[in-house]
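Shown next: upload_23.csv, given as CSV, C-alpha atoms.
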chain,number,residue,atom,x,y,z
A,1,MET,CA,32.2,-39.6,-3.8
A,2,PHE,CA,34.7,-36.8,-2.7
A,3,LYS,CA,37.6,-38.9,-4.0
A,4,ASN,CA,36.4,-38.3,-7.6
A,5,LYS,CA,38.1,-35.1,-8.7
A,6,HIS,CA,35.5,-34.4,-11.3
A,7,ILE,CA,32.7,-34.2,-8.7
A,8,VAL,CA,34.8,-32.0,-6.4
A,9,LEU,CA,35.6,-29.7,-9.3
A,10,ALA,CA,31.9,-29.5,-10.3
A,11,MET,CA,30.9,-28.7,-6.7
A,12,ILE,CA,33.4,-25.8,-6.8
A,13,VAL,CA,32.6,-24.4,-10.3
A,14,ALA,CA,28.8,-24.8,-10.3
A,15,PRO,CA,28.1,-22.0,-7.7
A,16,ILE,CA,30.5,-19.7,-9.4
A,17,LEU,CA,28.8,-20.3,-12.8
A,18,ALA,CA,25.4,-19.8,-11.2
A,19,ILE,CA,26.4,-16.4,-9.8
A,20,ILE,CA,27.9,-15.3,-13.2
A,21,ALA,CA,24.7,-16.5,-15.0
A,22,TYR,CA,22.5,-14.6,-12.5
A,23,PHE,CA,24.2,-11.2,-13.1
A,24,GLY,CA,24.6,-11.9,-16.8
A,25,VAL,CA,20.9,-12.5,-17.4
A,26,ASP,CA,20.1,-9.4,-15.3
A,27,LEU,CA,22.4,-7.3,-17.4
A,28,ALA,CA,21.0,-8.6,-20.7
A,29,VAL,CA,17.3,-8.5,-19.8
A,30,SER,CA,16.8,-5.6,-17.4
A,31,GLU,CA,15.4,-2.3,-18.6
A,32,LYS,CA,17.9,0.5,-18.8
A,33,ALA,CA,17.1,3.7,-16.8
A,34,LEU,CA,16.4,6.7,-19.0
A,35,VAL,CA,17.3,10.3,-18.2
A,36,ALA,CA,14.3,12.7,-17.8
A,37,LYS,CA,13.9,15.0,-20.8
A,38,GLU,CA,13.1,18.6,-20.4
A,39,GLY,CA,9.5,19.4,-21.3
A,40,GLU,CA,8.3,15.8,-20.7
A,41,THR,CA,5.9,14.6,-18.0
A,42,TYR,CA,6.6,11.6,-15.7
A,43,LYS,CA,4.3,9.8,-13.2
A,44,LEU,CA,5.4,9.5,-9.6
A,45,ALA,CA,4.5,6.2,-7.9
A,46,ALA,CA,3.3,6.2,-4.3
A,47,ARG,CA,5.4,4.0,-2.0
A,48,SER,CA,3.8,1.7,0.5
A,49,ASN,CA,4.2,4.2,3.4
A,50,CYS,CA,1.4,6.3,1.8
A,51,ARG,CA,-1.2,3.7,2.6
A,52,TYR,CA,-0.7,3.8,6.4
A,53,THR,CA,-1.2,6.4,9.2
A,54,SER,CA,2.5,7.1,9.3
A,55,GLY,CA,2.6,10.9,8.8
A,56,LEU,CA,5.0,10.3,5.8
A,57,CYS,CA,4.4,9.6,2.1
A,58,THR,CA,7.1,9.0,-0.5
A,59,LEU,CA,6.5,9.4,-4.2
A,60,ALA,CA,9.2,8.4,-6.6
A,61,ASN,CA,10.2,7.8,-10.2
A,62,GLY,CA,13.7,6.4,-10.5
A,63,ASP,CA,16.1,8.7,-8.7
A,64,PHE,CA,13.5,11.5,-8.4
A,65,LYS,CA,11.9,11.3,-5.0
A,66,ILE,CA,9.5,13.5,-3.1
A,67,GLN,CA,8.5,13.1,0.5
A,68,LEU,CA,5.3,14.5,1.9
A,69,ARG,CA,5.1,15.0,5.7
A,70,SER,CA,2.0,15.9,7.7
A,71,GLU,CA,3.2,18.6,10.0
A,72,ARG,CA,0.0,19.5,11.7
A,73,LEU,CA,-3.5,18.0,11.5
A,74,THR,CA,-6.6,19.6,13.0
A,75,ASP,CA,-10.3,19.0,12.4
A,76,SER,CA,-10.4,21.7,9.7
A,77,GLU,CA,-6.9,21.8,8.1
A,78,VAL,CA,-3.7,19.9,7.5
A,79,VAL,CA,-0.3,21.4,6.9
A,80,ILE,CA,1.8,19.4,4.4
A,81,LYS,CA,5.5,19.8,4.0
A,82,LEU,CA,7.1,18.6,0.7
A,83,THR,CA,10.8,17.7,0.7
A,84,SER,CA,12.8,16.9,-2.5
A,85,ASP,CA,16.4,16.0,-3.1
A,86,PHE,CA,16.2,18.1,-6.3
A,87,ILE,CA,15.6,21.8,-6.6
A,88,LEU,CA,12.0,22.4,-7.6
A,89,ASP,CA,10.8,25.3,-9.8
A,90,GLY,CA,7.2,25.0,-8.4
A,91,ALA,CA,4.7,22.7,-6.8
A,92,LYS,CA,0.9,22.4,-6.8
A,93,ILE,CA,-1.3,20.2,-4.7
A,94,SER,CA,-5.0,19.5,-4.4
A,95,ILE,CA,-7.1,17.3,-2.1
A,96,MET,CA,-10.0,15.3,-3.5
A,97,GLN,CA,-12.5,14.6,-0.8
A,98,ASN,CA,-14.2,12.0,-3.0
A,99,LYS,CA,-14.0,11.0,-6.7
A,100,GLU,CA,-16.9,13.2,-7.8
A,101,GLN,CA,-15.6,16.4,-6.1
A,102,PRO,CA,-12.1,17.4,-7.3
A,103,SER,CA,-10.8,20.6,-5.8
A,104,SER,CA,-8.7,23.2,-7.6
A,105,PRO,CA,-4.9,22.9,-7.1
A,106,VAL,CA,-3.2,25.2,-4.6
A,107,ASP,CA,0.3,26.6,-5.1
A,108,MET,CA,2.8,25.4,-2.5
A,109,GLU,CA,5.1,28.0,-1.0
A,110,SER,CA,8.8,27.6,-0.9
A,111,ASN,CA,10.1,27.1,2.6
A,112,GLY,CA,13.7,28.2,2.2
A,113,ALA,CA,16.1,29.7,-0.3
A,114,ASN,CA,17.2,26.5,-2.0
A,115,GLY,CA,13.8,25.3,-3.4
A,116,THR,CA,13.9,21.8,-1.9
A,117,GLU,CA,11.3,22.4,0.9
A,118,TRP,CA,7.7,23.5,0.3
A,119,MET,CA,4.7,24.0,2.6
A,120,VAL,CA,0.9,24.3,2.1
A,121,ASP,CA,-2.3,24.5,4.2
A,122,LEU,CA,-5.1,22.3,2.9
A,123,PRO,CA,-8.5,21.4,4.2
A,124,ALA,CA,-8.4,18.3,6.3
A,125,PRO,CA,-9.5,15.0,4.7
A,126,THR,CA,-13.1,14.1,5.4
A,127,SER,CA,-13.3,10.5,4.3
A,128,GLU,CA,-11.3,7.4,3.7
A,129,GLU,CA,-11.6,8.1,-0.1
A,130,SER,CA,-9.8,11.4,0.2
A,131,ALA,CA,-6.7,11.6,-2.1
A,132,LEU,CA,-3.9,14.1,-2.7
A,133,GLN,CA,-2.9,15.0,-6.2
A,134,LEU,CA,0.5,16.6,-6.7
A,135,VAL,CA,2.4,18.2,-9.6
A,136,VAL,CA,6.0,19.5,-9.3
A,137,LYS,CA,8.3,21.0,-11.9
A,138,SER,CA,12.1,20.6,-11.8
A,139,GLU,CA,14.4,21.8,-14.5
A,140,GLY,CA,11.6,22.1,-17.0
A,141,THR,CA,10.3,18.6,-16.4
A,142,LEU,CA,6.9,17.9,-14.8
A,143,TYR,CA,6.3,15.1,-12.3
A,144,TYR,CA,2.8,14.2,-11.2
A,145,GLY,CA,1.3,11.7,-8.8
A,146,GLU,CA,-1.7,10.8,-6.7
A,147,THR,CA,-1.8,9.2,-3.3
A,148,PRO,CA,-4.5,8.3,-0.6
A,149,ALA,CA,-4.7,10.9,2.1
A,150,THR,CA,-4.5,8.2,4.8
A,151,PHE,CA,-0.9,9.1,5.7
A,152,VAL,CA,-1.7,12.6,7.0
A,153,GLU,CA,-2.8,11.2,10.4
A,154,TYR,CA,0.2,10.0,12.5
A,155,LYS,CA,-1.1,7.2,14.5
A,156,THR,CA,0.7,4.1,16.0
A,157,TYR,CA,-0.5,1.0,17.8
A,158,PHE,CA,1.6,2.2,20.8
A,159,SER,CA,-0.5,5.4,21.1
A,160,ASP,CA,-3.7,3.3,20.8
A,161,ASP,CA,-2.5,1.1,23.6
A,162,GLU,CA,-1.7,4.2,25.8
A,163,LYS,CA,-5.2,5.6,25.3
A,164,SER,CA,-6.9,2.3,26.3
A,165,GLN,CA,-5.1,2.2,29.7

Using structure tokens, write down the structure that the file contains.
Amino acid sequence: MFKNKHIVLAMIVAPILAIIAYFGVDLAVSEKALVAKEGETYKLAARSNCRYTSGLCTLANGDFKIQLRSERLTDSEVVIKLTSDFILDGAKISIMQNKEQPSSPVDMESNGANGTEWMVDLPAPTSEESALQLVVKSEGTLYYGETPATFVEYKTYFSDDEKSQ
């Protein structure tokens, strides 16, 4: 079989053509990224780390990413730190303890001169249904998102094992 030059040539060329076809179809079919327009509103999608007790939550839309970190959690309040790669003009956040009881948004305070870090004190989440709603403004564009408040508690399996011993 390997003495036939047509088979050998096909075995060499076929993988190369497959790779070219893979990237060619991706280039032809994939959606082109659009630049955010001033005055428009864009939804931020919550990443998977927002669903777990990790202490971190990332919200993103394309290159625009916001990271929420639970700095301190007590029985009555939680301190949330927002970090962005882009300079923000302002940020508002609210906590919904349940779907029927939305709370009014609270202005976040800038934590530094460059406008990429923001802090806020919020009431501690009271149930599993608690959710955070966030709106930020950057260069005249609004970004909004909602995420479960599960991430505000930093808890690992390692710390659970330590408590049981």

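Nearest to Asp63 (chain A) of all the residues A:Ala45, A:Ile20, A:Val135, A:Val8 is A:Ala45, counting all atoms listed in the file.
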
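What separates CA of Asn114 (chain A) from CA of Gly140 (chain A) is a distance of 16.6 Å.
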
Sort by chain and increasing residue number a table of all residues of region 70-126 of chain A within 12 Å of region 51-57 of chain A, each with its closest pair of atoms and their distance in Å to one decimal, counting all atoms listed in the file, and write it as a Markdown table.
| residue | atom | partner | partner_atom | distance |
| --- | --- | --- | --- | --- |
| A:Ser70 | CA | A:Gly55 | CA | 5.2 |
| A:Glu71 | CA | A:Gly55 | CA | 7.8 |
| A:Arg72 | CA | A:Gly55 | CA | 9.4 |
| A:Leu73 | CA | A:Gly55 | CA | 9.7 |
| A:Val78 | CA | A:Gly55 | CA | 11.1 |
| A:Val79 | CA | A:Gly55 | CA | 11.1 |
| A:Ile80 | CA | A:Gly55 | CA | 9.6 |
| A:Lys81 | CA | A:Leu56 | CA | 9.7 |
| A:Leu82 | CA | A:Cys57 | CA | 9.5 |
| A:Thr83 | CA | A:Cys57 | CA | 10.4 |

Nearby residues (only C-alpha atoms) at most 9 Å from Ser127 (chain A), same-chain spacing under 6 positions excluded, as a ChimeraX atom specification: /A:97-98,149

Separation of CA of Ser94 (chain A) from CA of Asn61 (chain A) in Å: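 Spanning CA of Asn61 (chain A) to CA of Ser94 (chain A) is a straight-line distance of 20.0 Å.
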
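CA of Thr74 (chain A) lies 9.9 Å from CA of Pro125 (chain A).
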
Among listed residues A:Ser138, A:Ala46, A:Leu122, A:Lys99, nearest Phe86 (chain A) (using all atoms listed in the file):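 Once distances to Phe86 (chain A) are computed over all atoms listed in the file, the minimum belongs to A:Ser138.
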
Using the partial input, fill out region 123-142 of chain A with N, CA, C and O atoms; write the result as a short mmCIF file (atom, residue, chain, number, x, y, z; two decimals), in the frame of the given file.
data_model
loop_
_atom_site.label_atom_id
_atom_site.label_comp_id
_atom_site.auth_asym_id
_atom_site.auth_seq_id
_atom_site.Cartn_x
_atom_site.Cartn_y
_atom_site.Cartn_z
N PRO A 123 -7.44 21.85 3.32
CA PRO A 123 -8.50 21.40 4.20
C PRO A 123 -8.26 19.94 4.61
O PRO A 123 -7.68 19.15 3.86
N ALA A 124 -8.67 19.61 5.81
CA ALA A 124 -8.40 18.30 6.30
C ALA A 124 -9.24 17.24 5.54
O ALA A 124 -10.35 17.53 5.10
N PRO A 125 -8.69 16.03 5.34
CA PRO A 125 -9.50 15.00 4.70
C PRO A 125 -10.70 14.62 5.45
O PRO A 125 -10.65 14.53 6.68
N THR A 126 -11.80 14.40 4.75
CA THR A 126 -13.10 14.10 5.40
C THR A 126 -13.49 12.68 5.36
O THR A 126 -14.39 12.27 6.08
N SER A 127 -12.88 11.90 4.49
CA SER A 127 -13.30 10.50 4.30
C SER A 127 -12.09 9.62 4.02
O SER A 127 -11.00 10.11 3.76
N GLU A 128 -12.33 8.33 4.02
CA GLU A 128 -11.30 7.40 3.70
C GLU A 128 -10.93 7.45 2.19
O GLU A 128 -9.85 7.05 1.79
N GLU A 129 -11.84 7.96 1.38
CA GLU A 129 -11.60 8.10 -0.10
C GLU A 129 -10.80 9.30 -0.44
O GLU A 129 -10.45 9.46 -1.61
N SER A 130 -10.49 10.17 0.49
CA SER A 130 -9.80 11.40 0.20
C SER A 130 -8.39 11.06 -0.40
O SER A 130 -7.74 10.11 0.03
N ALA A 131 -7.99 11.85 -1.39
CA ALA A 131 -6.70 11.60 -2.10
C ALA A 131 -6.02 12.95 -2.32
O ALA A 131 -6.67 13.97 -2.50
N LEU A 132 -4.70 12.91 -2.36
CA LEU A 132 -3.90 14.10 -2.70
C LEU A 132 -3.38 13.92 -4.12
O LEU A 132 -2.91 12.84 -4.48
N GLN A 133 -3.45 14.99 -4.89
CA GLN A 133 -2.90 15.00 -6.20
C GLN A 133 -1.78 16.08 -6.22
O GLN A 133 -1.99 17.19 -5.71
N LEU A 134 -0.63 15.74 -6.79
CA LEU A 134 0.50 16.60 -6.70
C LEU A 134 1.19 16.74 -8.08
O LEU A 134 1.27 15.77 -8.84
N VAL A 135 1.62 17.95 -8.41
CA VAL A 135 2.40 18.20 -9.60
C VAL A 135 3.58 19.08 -9.20
O VAL A 135 3.40 20.10 -8.54
N VAL A 136 4.79 18.67 -9.59
CA VAL A 136 6.00 19.50 -9.30
C VAL A 136 6.76 19.66 -10.62
O VAL A 136 6.67 18.84 -11.53
N LYS A 137 7.50 20.75 -10.67
CA LYS A 137 8.30 21.00 -11.90
C LYS A 137 9.76 21.20 -11.41
O LYS A 137 10.05 21.94 -10.47
N SER A 138 10.64 20.48 -12.09
CA SER A 138 12.10 20.60 -11.80
C SER A 138 12.84 20.56 -13.09
O SER A 138 12.71 19.64 -13.90
N GLU A 139 13.61 21.59 -13.31
CA GLU A 139 14.40 21.80 -14.50
C GLU A 139 13.64 21.58 -15.80
O GLU A 139 14.07 20.90 -16.73
N GLY A 140 12.43 22.13 -15.84
CA GLY A 140 11.60 22.10 -17.00
C GLY A 140 10.84 20.79 -17.23
O GLY A 140 10.16 20.62 -18.23
N THR A 141 10.95 19.86 -16.30
CA THR A 141 10.30 18.60 -16.40
C THR A 141 9.16 18.51 -15.36
O THR A 141 9.36 18.91 -14.21
N LEU A 142 7.99 18.02 -15.75
CA LEU A 142 6.90 17.90 -14.80
C LEU A 142 6.76 16.47 -14.30
O LEU A 142 6.91 15.51 -15.05
#
